[in-house]
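Source file: start.txt; contents: compact mmCIF, C-alpha atoms.
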```txt
# COMPACT_ATOMS: atom_id res chain seq x y z
CA GLU V 1 10.38 -14.80 6.75
CA PRO V 2 10.26 -14.07 3.00
CA GLU V 3 10.05 -10.42 2.04
CA VAL V 4 9.90 -8.15 -0.96
CA THR V 5 13.10 -6.17 -1.49
CA GLN V 6 13.66 -3.01 -3.49
CA THR V 7 16.75 -1.23 -4.76
CA PRO V 8 17.93 1.43 -4.52
CA SER V 9 16.41 2.81 -1.34
CA HIS V 10 16.89 6.34 -2.66
CA GLN V 11 17.46 7.47 -6.23
CA VAL V 12 18.25 11.04 -7.25
CA THR V 13 18.05 11.94 -10.91
CA GLN V 14 17.91 14.92 -13.22
CA MET V 15 14.69 15.80 -15.01
CA GLY V 16 14.53 14.08 -18.40
CA GLN V 17 16.72 11.16 -17.37
CA GLU V 18 15.60 7.55 -17.42
CA VAL V 19 15.39 5.62 -14.15
CA ILE V 20 14.87 1.96 -13.42
CA LEU V 21 13.53 0.93 -10.04
CA ARG V 22 14.13 -2.67 -9.10
CA CYS V 23 12.15 -5.10 -7.01
CA VAL V 24 12.67 -8.71 -6.04
CA PRO V 25 9.26 -10.18 -5.18
CA ILE V 26 8.74 -13.16 -2.91
CA SER V 27 9.90 -16.20 -4.83
CA ASN V 28 6.70 -18.20 -5.31
CA HIS V 29 4.50 -15.16 -5.97
CA LEU V 30 2.97 -14.66 -9.38
CA TYR V 31 1.24 -11.26 -9.16
CA PHE V 32 3.31 -8.12 -9.05
CA TYR V 33 2.41 -4.48 -8.48
CA TRP V 34 3.81 -0.98 -8.39
CA TYR V 35 2.32 1.78 -6.25
CA ARG V 36 3.37 5.38 -5.80
CA GLN V 37 3.12 7.76 -2.85
CA ILE V 38 3.82 11.43 -3.43
CA LEU V 39 5.03 13.04 -0.20
CA GLY V 40 2.13 13.61 2.17
CA GLN V 41 -0.42 11.99 -0.12
CA LYS V 42 -2.13 8.64 -0.39
CA VAL V 43 -0.65 5.49 -1.85
CA GLU V 44 -1.79 5.21 -5.48
CA PHE V 45 -1.98 2.12 -7.64
CA LEU V 46 0.13 2.26 -10.79
CA VAL V 47 0.13 -1.15 -12.42
CA SER V 48 -0.35 -4.87 -11.86
CA PHE V 49 1.48 -7.60 -13.74
CA TYR V 50 0.71 -11.28 -14.16
CA ASN V 51 1.85 -13.97 -16.55
CA ASN V 52 4.33 -11.60 -18.20
CA GLU V 53 1.81 -8.96 -19.07
CA ILE V 54 0.10 -5.96 -17.56
CA SER V 55 -3.23 -6.91 -15.95
CA GLU V 56 -4.40 -3.44 -15.06
CA LYS V 57 -2.94 0.04 -15.03
CA SER V 58 -4.07 3.37 -13.70
CA GLU V 59 -4.25 6.63 -15.63
CA ILE V 60 -1.00 7.66 -13.94
CA PHE V 61 0.78 4.85 -15.78
CA ASP V 62 1.22 6.59 -19.12
CA ASP V 63 3.65 5.93 -21.97
CA GLN V 64 6.57 7.18 -19.88
CA PHE V 65 6.24 4.13 -17.64
CA SER V 66 6.97 0.51 -18.40
CA VAL V 67 7.37 -2.66 -16.37
CA GLU V 68 9.34 -5.78 -17.01
CA ARG V 69 10.23 -9.07 -15.43
CA PRO V 70 13.54 -9.54 -17.17
CA ASP V 71 14.90 -12.68 -15.55
CA GLY V 72 12.24 -14.47 -13.53
CA SER V 73 13.26 -12.90 -10.24
CA ASN V 74 13.42 -9.13 -10.71
CA PHE V 75 10.46 -6.89 -11.44
CA THR V 76 11.36 -3.44 -12.71
CA LEU V 77 9.64 -0.12 -13.21
CA LYS V 78 11.18 2.15 -15.83
CA ILE V 79 10.42 5.83 -16.20
CA ARG V 80 11.75 6.96 -19.58
CA SER V 81 12.01 10.70 -19.13
CA THR V 82 11.49 11.74 -15.54
CA LYS V 83 9.54 14.84 -14.60
CA LEU V 84 9.64 16.79 -11.36
CA GLU V 85 6.22 15.44 -10.46
CA ASP V 86 7.53 11.86 -10.60
CA SER V 87 9.29 12.52 -7.28
CA ALA V 88 7.65 10.07 -4.89
CA MET V 89 8.10 6.89 -2.94
CA TYR V 90 7.57 3.88 -5.18
CA PHE V 91 6.42 0.65 -3.59
CA CYS V 92 6.58 -2.77 -5.17
CA ALA V 93 4.25 -5.52 -3.98
CA SER V 94 3.71 -9.17 -4.77
CA ARG V 95 1.00 -11.70 -4.13
CA ALA V 96 0.77 -15.47 -4.14
CA PRO V 97 -1.50 -17.29 -6.58
CA ALA V 98 -5.18 -17.66 -5.79
CA GLY V 99 -5.70 -20.35 -3.20
CA GLY V 100 -2.64 -19.21 -1.30
CA GLN V 101 -2.51 -16.43 1.25
CA ASP V 102 -4.35 -13.68 -0.55
CA GLU V 103 -2.55 -10.58 0.64
CA GLN V 104 -0.12 -8.25 -1.00
CA PHE V 105 3.32 -8.01 0.54
CA PHE V 106 4.91 -4.60 0.13
CA GLY V 107 8.57 -3.77 -0.23
CA PRO V 108 10.21 -0.97 1.77
CA GLY V 109 9.99 1.47 -1.13
CA THR V 110 12.38 3.46 -3.29
CA ARG V 111 12.39 7.20 -2.78
CA LEU V 112 12.80 8.88 -6.17
CA THR V 113 13.87 12.51 -6.20
CA VAL V 114 13.80 14.31 -9.56
CA LEU V 115 15.78 17.56 -9.65
CA GLY P 1 -15.97 4.23 -8.44
CA GLU P 2 -13.76 2.74 -5.77
CA ASP P 3 -12.91 5.05 -2.92
CA VAL P 4 -11.69 4.79 0.66
CA GLU P 5 -12.20 7.68 3.08
CA GLN P 6 -10.52 8.33 6.42
CA SER P 7 -10.27 11.23 8.80
CA LEU P 8 -6.88 12.88 8.52
CA PHE P 9 -5.83 13.38 12.15
CA LEU P 10 -6.34 11.83 15.56
CA SER P 11 -4.72 12.91 18.79
CA VAL P 12 -4.85 10.80 21.97
CA ARG P 13 -3.09 10.63 25.34
CA GLU P 14 -0.70 7.82 26.09
CA GLY P 15 -2.59 4.94 27.70
CA ASP P 16 -5.93 5.84 26.13
CA SER P 17 -7.58 3.89 23.33
CA SER P 18 -7.40 5.17 19.75
CA VAL P 19 -10.15 4.52 17.25
CA ILE P 20 -9.45 5.19 13.59
CA ASN P 21 -12.41 5.05 11.23
CA CYS P 22 -12.67 4.32 7.53
CA THR P 23 -15.44 4.02 4.96
CA TYR P 24 -15.21 2.31 1.60
CA THR P 25 -17.45 2.12 -1.42
CA ASP P 26 -16.78 -1.18 -3.16
CA SER P 27 -19.15 -3.83 -1.81
CA SER P 28 -17.18 -6.57 -3.57
CA SER P 29 -14.15 -6.00 -1.30
CA THR P 30 -12.81 -9.31 -0.11
CA TYR P 31 -10.15 -8.08 2.30
CA LEU P 32 -9.83 -4.88 4.27
CA TYR P 33 -6.42 -3.92 5.60
CA TRP P 34 -4.81 -1.60 8.07
CA TYR P 35 -1.26 -0.52 7.29
CA LYS P 36 1.06 1.55 9.48
CA GLN P 37 3.64 3.92 8.06
CA GLU P 38 6.27 5.61 10.21
CA PRO P 39 8.04 8.73 8.91
CA GLY P 40 10.22 7.96 5.88
CA ALA P 41 9.46 4.25 6.11
CA GLY P 42 7.53 1.71 4.06
CA LEU P 43 4.15 0.15 4.64
CA GLN P 44 3.77 -2.28 7.52
CA LEU P 45 0.74 -4.54 7.42
CA LEU P 46 -0.84 -4.35 10.89
CA THR P 47 -3.87 -6.52 10.44
CA TYR P 48 -6.59 -7.44 8.00
CA ILE P 49 -10.12 -8.75 8.07
CA PHE P 50 -12.06 -10.87 5.62
CA SER P 51 -15.23 -9.26 4.38
CA ASN P 52 -17.37 -12.05 5.88
CA MET P 53 -16.15 -11.27 9.42
CA ASP P 54 -17.49 -8.68 11.86
CA MET P 55 -14.55 -8.44 14.20
CA LYS P 56 -10.96 -9.47 14.55
CA GLN P 57 -8.77 -9.06 17.62
CA ASP P 58 -5.00 -9.25 17.59
CA GLN P 59 -3.35 -8.29 20.89
CA ARG P 60 -3.91 -4.52 21.31
CA LEU P 61 -5.64 -4.20 17.94
CA THR P 62 -9.36 -4.70 17.33
CA VAL P 63 -10.86 -4.38 13.88
CA LEU P 64 -14.60 -3.92 13.50
CA LEU P 65 -16.34 -4.26 10.16
CA ASN P 66 -19.88 -3.10 9.43
CA LYS P 67 -20.44 -4.43 5.95
CA LYS P 68 -23.91 -2.93 5.62
CA ASP P 69 -22.57 0.58 6.22
CA LYS P 70 -19.19 -0.18 4.58
CA HIS P 71 -17.48 1.06 7.71
CA LEU P 72 -14.23 -0.25 9.13
CA SER P 73 -12.53 0.77 12.34
CA LEU P 74 -9.22 0.07 14.04
CA ARG P 75 -9.03 0.31 17.82
CA ILE P 76 -5.62 0.44 19.48
CA ALA P 77 -5.82 -0.26 23.20
CA ASP P 78 -3.36 1.34 25.63
CA THR P 79 -1.90 3.58 22.94
CA GLN P 80 1.83 4.20 23.28
CA THR P 81 4.07 6.95 21.87
CA GLY P 82 5.53 4.32 19.54
CA ASP P 83 2.09 4.03 17.93
CA SER P 84 2.45 7.54 16.50
CA ALA P 85 2.36 7.06 12.74
CA ILE P 86 0.09 7.27 9.72
CA TYR P 87 -2.51 4.52 9.51
CA PHE P 88 -3.86 3.56 6.10
CA CYS P 89 -7.12 1.77 5.54
CA ALA P 90 -7.16 -0.21 2.29
CA GLU P 91 -9.55 -2.46 0.43
CA TYR P 92 -8.69 -5.32 -1.84
CA THR P 93 -11.37 -6.54 -4.19
CA GLY P 94 -9.67 -9.75 -5.28
CA GLY P 95 -8.91 -8.14 -8.59
CA PHE P 96 -5.57 -6.67 -9.39
CA LYS P 97 -5.12 -3.79 -6.98
CA THR P 98 -5.50 -2.41 -3.49
CA ILE P 99 -7.21 0.94 -2.95
CA PHE P 100 -5.80 3.02 -0.12
CA GLY P 101 -7.32 5.79 1.94
CA ALA P 102 -5.43 9.03 2.45
CA GLY P 103 -4.19 7.90 5.86
CA THR P 104 -4.94 9.03 9.41
CA ARG P 105 -2.07 10.65 11.25
CA LEU P 106 -2.12 9.50 14.87
CA PHE P 107 -0.46 11.74 17.46
CA VAL P 108 0.12 10.23 20.88
CA LYS P 109 0.77 12.73 23.67
CA ALA P 110 2.88 11.58 26.60
```
Go ahead and render the structure in this file as structure tokens.
Amino acid sequence: EPEVTQTPSHQVTQMGQEVILRCVPISNHLYFYWYRQILGQKVEFLVSFYNNEISEKSEIFDDQFSVERPDGSNFTLKIRSTKLEDSAMYFCASRAPAGGQDEQFFGPGTRLTVL
Amino acid sequence: GEDVEQSLFLSVREGDSSVINCTYTDSSSTYLYWYKQEPGAGLQLLTYIFSNMDMKQDQRLTVLLNKKDKHLSLRIADTQTGDSAIYFCAEYTGGFKTIFGAGTRLFVKA
């Protein structure tokens, strides 16, 4: 069964460093998403991406964040200068085009720890 | 604005039924989901219901939707210790995002 994969499963970084979280969505999906879950809190929407551009972003997704689909298979989330409060589980999700099965498939998550 | 509310905790005895409740605000929701999250793990889609349905049954899981009251519930029959987890209610409006509730932590006592 096709699935969304994410790497790494756990990333530890120093405050101020840049991190790139990687996702490989399901191959025929066209809509891509990043969500964040701070430990013990709810899953929060960060950004959605379609047709090589951001469709919607939340107020969490400030200038420190960027997304990219560099090669047609990967979907990345970059945090330019990490802060302690960026420590969270980051989930990637993808969705098929309209007319297909209209549900988001989530990856297993990357746990980001900022020291 | 869009919001999804859930109670935070539920404790049941093994073998009993669990009912987890959720309310949502966006009447244009097209899909309503239940996700399960075990400690340190990702999100597992348990089941979902289209907004034009009242009920969906899938083995031990029953989802009830009251669209008028914007109320969704998940019933787990014959709850087992392996069902202990956090259960997230979520709504998808057909736009570009899913809105999650804060999650209900289910404790199953042996």
Chain V residues near chain P (7 Å cut-off, all atoms listed in the file) as a list in words
Gln41, Lys42, Val43, Phe45, Ser48, Ser55, Glu56, Phe106, Pro108 and Gly109 of chain V
Need to verify the contact set: Arg60 (chain P), 10 Å, all atoms listed in the file, exclusion of same-chain residues closer than 3 positions in sequence. Can you return it as a ChimeraX atom specification?
/P:17,57,75-79
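Take CA of Gln6 (chain P) and CA of Leu72 (chain P): the distance between them is 9.7 Å.
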Kindly compute an axis-aligned box around the listed atoms of region 51-70 of chain V, allowing 5 Å on each side, and express its centre and edge lengths in Å to one decimal as AutoDock Vina command-line options.
```
--center_x 4.6 --center_y -3.2 --center_z -17.8 --size_x 27.9 --size_y 31.6 --size_z 18.3
```
Find the residues near region 106-108 of chain P: any atom within 12 Å, counting all atoms listed in the file, skip ones fewer than 6 places away on the same chain, and give them as a ChimeraX atom specification.
/P:6-21,36-39,74-76,78-88
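Counting all atoms listed in the file, the residue from V:Arg80, V:His29, V:Lys57, V:Arg69 that sits nearest to Gln104 (chain V) is V:His29.
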May I have the residues within 12 Å of Ile20 (chain V) as a short mmCIF file (atom, residue, chain, number, x, y, z; two decimals) with C-alpha atoms, in the coordinates of the input, using all atoms listed in the file and disregarding those fewer than 6 positions away in the same chain?
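Printed below is part-v2.cif as written:
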```
data_model
loop_
_atom_site.label_atom_id
_atom_site.label_comp_id
_atom_site.auth_asym_id
_atom_site.auth_seq_id
_atom_site.Cartn_x
_atom_site.Cartn_y
_atom_site.Cartn_z
CA GLN V 6 13.66 -3.01 -3.49
CA THR V 7 16.75 -1.23 -4.76
CA PRO V 8 17.93 1.43 -4.52
CA HIS V 10 16.89 6.34 -2.66
CA GLN V 11 17.46 7.47 -6.23
CA VAL V 12 18.25 11.04 -7.25
CA THR V 13 18.05 11.94 -10.91
CA GLN V 64 6.57 7.18 -19.88
CA PHE V 65 6.24 4.13 -17.64
CA SER V 66 6.97 0.51 -18.40
CA VAL V 67 7.37 -2.66 -16.37
CA GLU V 68 9.34 -5.78 -17.01
CA ASN V 74 13.42 -9.13 -10.71
CA PHE V 75 10.46 -6.89 -11.44
CA THR V 76 11.36 -3.44 -12.71
CA LEU V 77 9.64 -0.12 -13.21
CA LYS V 78 11.18 2.15 -15.83
CA ILE V 79 10.42 5.83 -16.20
CA ARG V 80 11.75 6.96 -19.58
CA SER V 81 12.01 10.70 -19.13
CA THR V 82 11.49 11.74 -15.54
CA TYR V 90 7.57 3.88 -5.18
CA THR V 110 12.38 3.46 -3.29
CA LEU V 112 12.80 8.88 -6.17
#
```
Length of the CA of Ala96 (chain V) to CA of Leu30 (chain V) vector [Å]:
5.7 Å
Using all atoms listed in the file, collect all residues at a distance of at most 7 Å from (0.0, 2.2, -12.0) as written in the file, then present them as a ChimeraX atom specification.
/V:34-35,45-47,57-58,60-61
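Distances to Asp3 (chain P) were evaluated for V:Glu44, V:Glu1, V:Gln17, V:Tyr50 using only C-alpha atoms, and the minimum falls at V:Glu44.
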What lies within 9 Å of Asp69 (chain P) using all atoms listed in the file, ignoring chain neighbours under 4 positions off, as a PyMOL selection string?
chain P and resi 23-24+65
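Note that the spacing between CA of Leu39 (chain V) and CA of Val4 (chain V) amounts to 21.8 Å.
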Excluding same-chain residues fewer than 3 positions from Pro2 (chain V), what lies within 10 Å of it counting only C-alpha atoms, as number ranges by chain?
V: 5, 25-28, 105
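Candidate residues V:Arg22, V:Ser94, V:Gln37, V:Pro70 were compared for distance to Asn52 (chain V), and the nearest is V:Pro70, using all atoms listed in the file.
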